[in-house]
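I have placed the structure first, in the form of structure tokens, so that the comments after it can refer back to it.
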Amino acid sequence: MTTLTVSSVHLGTPEAGRRSLLRDTGIVMTRELKPVLRDPFSLLFGMIQPLIFLGLFGPLLAGSMGGSLDGGVWQWFVPAILVMTTLFGTSATGANLLFEFQTGAHERMMVTPLSRSSLLVGRALKEMVPLLGQAVIVIAVMVPFGFDLHLDGALLGLALLAVFGIGLGSFSYALAIAVRKQDWMFWVVQQTFLFPLMILSGMLLPLETGPEWMRVASKFNPLSYLVDAERALFSGDVASMAVLWGWLAALITVALGLTVGIRTMLRSAT
């Protein structure tokens, strides 16, 4: 009897709650990764895709404004490509959920004792696994072409992308729940927001030469702070103010994303 009482108290501690969240997140992430690992061709193609983009767009960028970019073209462009892959991957997290609505898999997940936060975090982290593979391949290929690798900054940059990806993936999850009866609306809304966010972040082209309204709009785009932070980190400038602003933008995104995602999920279950 004494043992049961102690166990009950222990399970109610914040530390036990954190362990439970980590365990549940691992379960969800593993579940989401299994279909991806069963289809290695799509996984490999997804890893090669950033290289195709670098190979086609990079030379154009180098020819038009290579001399005006801080640190050189590749130091400026490679981190942006990693942000882009994170943006595309995590913003589409809700697409898999739409399929699960059709099969009834989501309802079965909702009646399990898994924490609701883990359903969001686990799905978003699943998207970060291919990103790590993409990052390794991109960096390994680009180092011989003049990309200067700073390992400490690169690791912090990937951690920053993971935090931002969880927030964006949670928003995607909430969107899928909101439009589940008209699933075609998911891609309409996702694409409507995706490309303006990309362009107004200075990801593909520097905004310094753009019109004033675009530079002003970029100040309200959290992705622009993330892109600046990634460029600073991959250049080894880990103490830059750009990094601080990038972390602030990522933390606000993940806080809002989890709040909206969990509330939307709980409402859908009632």
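Residues are named by chain letter and number: chains run A, B, ... in the order of the structure tokens, numbers start at 1 in each chain, and ligands are numbered from 1 in the order shown.
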
**Report entry** Arg116 of chain A surroundings by only C-alpha atoms, 9 Å radius, close-in-sequence under 4 positions cut, as JSON, numbers by chain
**Finding:** {"A": [110, 120, 262, 265, 266]}

Using only C-alpha atoms, what table do you get, as CSV, when you list each residue of segment 168-240 of chain A with an atom no more than 9 Å from segment 88-99 of chain A, its nearest pair of atoms, and their distance in Å rounded to one decimal, rows by chain then rising number?
```
residue,atom,partner,partner_atom,distance
A:Leu168,CA,A:Ser91,CA,5.9
A:Gly169,CA,A:Thr90,CA,4.7
A:Ser170,CA,A:Thr93,CA,8.0
A:Phe171,CA,A:Ser91,CA,7.7
A:Ser172,CA,A:Gly94,CA,4.9
A:Tyr173,CA,A:Gly94,CA,4.4
A:Ala174,CA,A:Gly94,CA,7.5
A:Leu175,CA,A:Gly94,CA,6.9
A:Ala176,CA,A:Gly94,CA,5.0
A:Ile177,CA,A:Leu98,CA,7.7
A:Val179,CA,A:Leu98,CA,8.8
A:Arg180,CA,A:Leu98,CA,6.3
A:Asp183,CA,A:Leu98,CA,6.7
A:Phe186,CA,A:Ala95,CA,7.6
A:Trp187,CA,A:Ala95,CA,8.4
A:Gln190,CA,A:Ser91,CA,7.1
A:Leu194,CA,A:Phe88,CA,8.0
```

Save out the residues we just selected, all heavy atoms, as a compact mmCIF listing (two decimals), in the first residue's frame.
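Writing done, so here's selection_22.txt:
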```txt
# COMPACT_ATOMS: atom_id res chain seq x y z
N LEU A 168 5.42 25.45 -36.62
CA LEU A 168 4.76 25.50 -37.92
C LEU A 168 3.96 24.23 -38.17
O LEU A 168 2.84 24.27 -38.72
CB LEU A 168 5.81 25.70 -39.02
CG LEU A 168 5.27 26.02 -40.42
CD1 LEU A 168 4.47 27.32 -40.40
CD2 LEU A 168 6.43 26.11 -41.41
N GLY A 169 4.51 23.08 -37.76
CA GLY A 169 3.78 21.82 -37.92
C GLY A 169 2.50 21.80 -37.11
O GLY A 169 1.49 21.24 -37.54
N SER A 170 2.51 22.44 -35.94
CA SER A 170 1.31 22.50 -35.11
C SER A 170 0.23 23.35 -35.78
O SER A 170 -0.96 23.02 -35.73
CB SER A 170 1.66 23.07 -33.73
OG SER A 170 2.60 22.26 -33.07
N PHE A 171 0.64 24.47 -36.39
CA PHE A 171 -0.32 25.28 -37.15
C PHE A 171 -0.91 24.46 -38.31
O PHE A 171 -2.11 24.54 -38.61
CB PHE A 171 0.35 26.53 -37.70
CG PHE A 171 0.45 27.66 -36.72
CD1 PHE A 171 1.68 28.17 -36.35
CD2 PHE A 171 -0.69 28.22 -36.17
CE1 PHE A 171 1.78 29.21 -35.44
CE2 PHE A 171 -0.61 29.28 -35.26
CZ PHE A 171 0.64 29.77 -34.89
N SER A 172 -0.07 23.68 -38.98
CA SER A 172 -0.53 22.85 -40.09
C SER A 172 -1.53 21.80 -39.61
O SER A 172 -2.53 21.52 -40.27
CB SER A 172 0.68 22.16 -40.75
OG SER A 172 0.27 21.32 -41.81
N TYR A 173 -1.26 21.24 -38.45
CA TYR A 173 -2.15 20.25 -37.83
C TYR A 173 -3.52 20.89 -37.56
O TYR A 173 -4.57 20.31 -37.86
CB TYR A 173 -1.51 19.78 -36.54
CG TYR A 173 -2.03 18.49 -35.97
CD1 TYR A 173 -1.30 17.31 -36.02
CD2 TYR A 173 -3.26 18.44 -35.31
CE1 TYR A 173 -1.76 16.14 -35.47
CE2 TYR A 173 -3.74 17.27 -34.76
CZ TYR A 173 -2.99 16.12 -34.84
OH TYR A 173 -3.46 14.96 -34.29
N ALA A 174 -3.49 22.09 -36.98
CA ALA A 174 -4.74 22.79 -36.67
C ALA A 174 -5.51 23.12 -37.94
O ALA A 174 -6.75 23.01 -37.98
CB ALA A 174 -4.43 24.07 -35.90
N LEU A 175 -4.80 23.52 -39.00
CA LEU A 175 -5.46 23.81 -40.27
C LEU A 175 -6.15 22.58 -40.83
O LEU A 175 -7.28 22.66 -41.33
CB LEU A 175 -4.43 24.34 -41.27
CG LEU A 175 -4.92 24.59 -42.70
CD1 LEU A 175 -6.03 25.64 -42.73
CD2 LEU A 175 -3.75 25.01 -43.60
N ALA A 176 -5.49 21.43 -40.75
CA ALA A 176 -6.08 20.19 -41.26
C ALA A 176 -7.37 19.84 -40.52
O ALA A 176 -8.36 19.41 -41.14
CB ALA A 176 -5.08 19.05 -41.15
N ILE A 177 -7.38 20.05 -39.21
CA ILE A 177 -8.59 19.78 -38.43
C ILE A 177 -9.70 20.75 -38.82
O ILE A 177 -10.86 20.37 -38.97
CB ILE A 177 -8.28 19.89 -36.93
CG1 ILE A 177 -7.31 18.79 -36.50
CG2 ILE A 177 -9.56 19.81 -36.10
CD1 ILE A 177 -6.83 18.91 -35.07
N VAL A 179 -10.28 22.24 -41.67
CA VAL A 179 -10.82 22.07 -43.03
C VAL A 179 -11.07 20.61 -43.37
O VAL A 179 -11.17 20.26 -44.53
CB VAL A 179 -9.88 22.70 -44.07
CG1 VAL A 179 -9.65 24.18 -43.79
CG2 VAL A 179 -8.54 21.97 -44.12
N ARG A 180 -11.18 19.75 -42.36
CA ARG A 180 -11.25 18.31 -42.63
C ARG A 180 -12.46 17.90 -43.48
O ARG A 180 -12.42 16.89 -44.16
CB ARG A 180 -11.24 17.52 -41.32
CG ARG A 180 -12.44 17.77 -40.42
CD ARG A 180 -12.22 17.06 -39.08
NE ARG A 180 -13.34 17.21 -38.17
CZ ARG A 180 -13.53 18.25 -37.38
NH1 ARG A 180 -12.66 19.25 -37.42
NH2 ARG A 180 -14.56 18.32 -36.58
N ASP A 183 -11.18 19.03 -47.54
CA ASP A 183 -9.73 18.87 -47.43
C ASP A 183 -8.94 19.59 -48.52
O ASP A 183 -7.76 19.89 -48.34
CB ASP A 183 -9.34 17.38 -47.39
CG ASP A 183 -9.92 16.59 -48.55
OD1 ASP A 183 -10.54 17.20 -49.44
OD2 ASP A 183 -9.74 15.35 -48.55
N PHE A 186 -7.09 22.76 -47.54
CA PHE A 186 -5.80 22.73 -46.84
C PHE A 186 -4.70 23.26 -47.75
O PHE A 186 -3.90 24.11 -47.36
CB PHE A 186 -5.47 21.29 -46.40
CG PHE A 186 -4.11 21.16 -45.77
CD1 PHE A 186 -3.93 21.43 -44.43
CD2 PHE A 186 -3.00 20.78 -46.52
CE1 PHE A 186 -2.67 21.31 -43.84
CE2 PHE A 186 -1.75 20.67 -45.95
CZ PHE A 186 -1.58 20.93 -44.60
N TRP A 187 -4.64 22.75 -48.99
CA TRP A 187 -3.57 23.15 -49.90
C TRP A 187 -3.77 24.58 -50.39
O TRP A 187 -2.79 25.30 -50.63
CB TRP A 187 -3.51 22.19 -51.08
CG TRP A 187 -3.13 20.81 -50.66
CD1 TRP A 187 -3.92 19.69 -50.65
CD2 TRP A 187 -1.87 20.40 -50.13
NE1 TRP A 187 -3.22 18.62 -50.15
CE2 TRP A 187 -1.96 19.02 -49.83
CE3 TRP A 187 -0.66 21.07 -49.87
CZ2 TRP A 187 -0.90 18.30 -49.31
CZ3 TRP A 187 0.39 20.35 -49.33
CH2 TRP A 187 0.28 18.98 -49.07
N GLN A 190 -2.50 26.65 -47.41
CA GLN A 190 -1.07 26.45 -47.22
C GLN A 190 -0.26 27.16 -48.30
O GLN A 190 0.72 27.86 -48.01
CB GLN A 190 -0.76 24.94 -47.23
CG GLN A 190 0.65 24.60 -46.81
CD GLN A 190 1.48 23.99 -47.93
OE1 GLN A 190 1.13 24.08 -49.11
NE2 GLN A 190 2.57 23.37 -47.57
N LEU A 194 2.37 30.19 -47.92
CA LEU A 194 3.74 29.69 -48.06
C LEU A 194 4.63 30.60 -48.89
O LEU A 194 5.71 31.01 -48.45
CB LEU A 194 3.70 28.28 -48.68
CG LEU A 194 5.00 27.50 -48.67
CD1 LEU A 194 5.36 27.08 -47.26
CD2 LEU A 194 4.88 26.27 -49.56
```

Report task. Excluding segment 47-53 of chain A and any residue of its chain fewer than 6 positions from it, enumerate the residues within 12 Å of it, using only C-alpha atoms, and give them as a ChimeraX atom specification. Result -> /A:40-41,59-61,77-86,88-89,127-142,204

Query raised in the report: If you count only C-alpha atoms, which residues fall within 10 Å of segment 220-234 of chain A, apart from same-chain ones fewer than 2 positions away, as a ChimeraX atom specification?
Result: /A:70-71,75-84,87,147-158,160-161,164,196-203,215-218,236-250,252-253

Report task. Apply DSSP to the backbone of this structure and, from segment 79-266 of chain A, keep only the residues in alpha helix (DSSP H); write these as number ranges by chain. Result -> A: 79-91, 93-103, 105-110, 116-142, 151-178, 184-199, 212-218, 222-234, 241-266
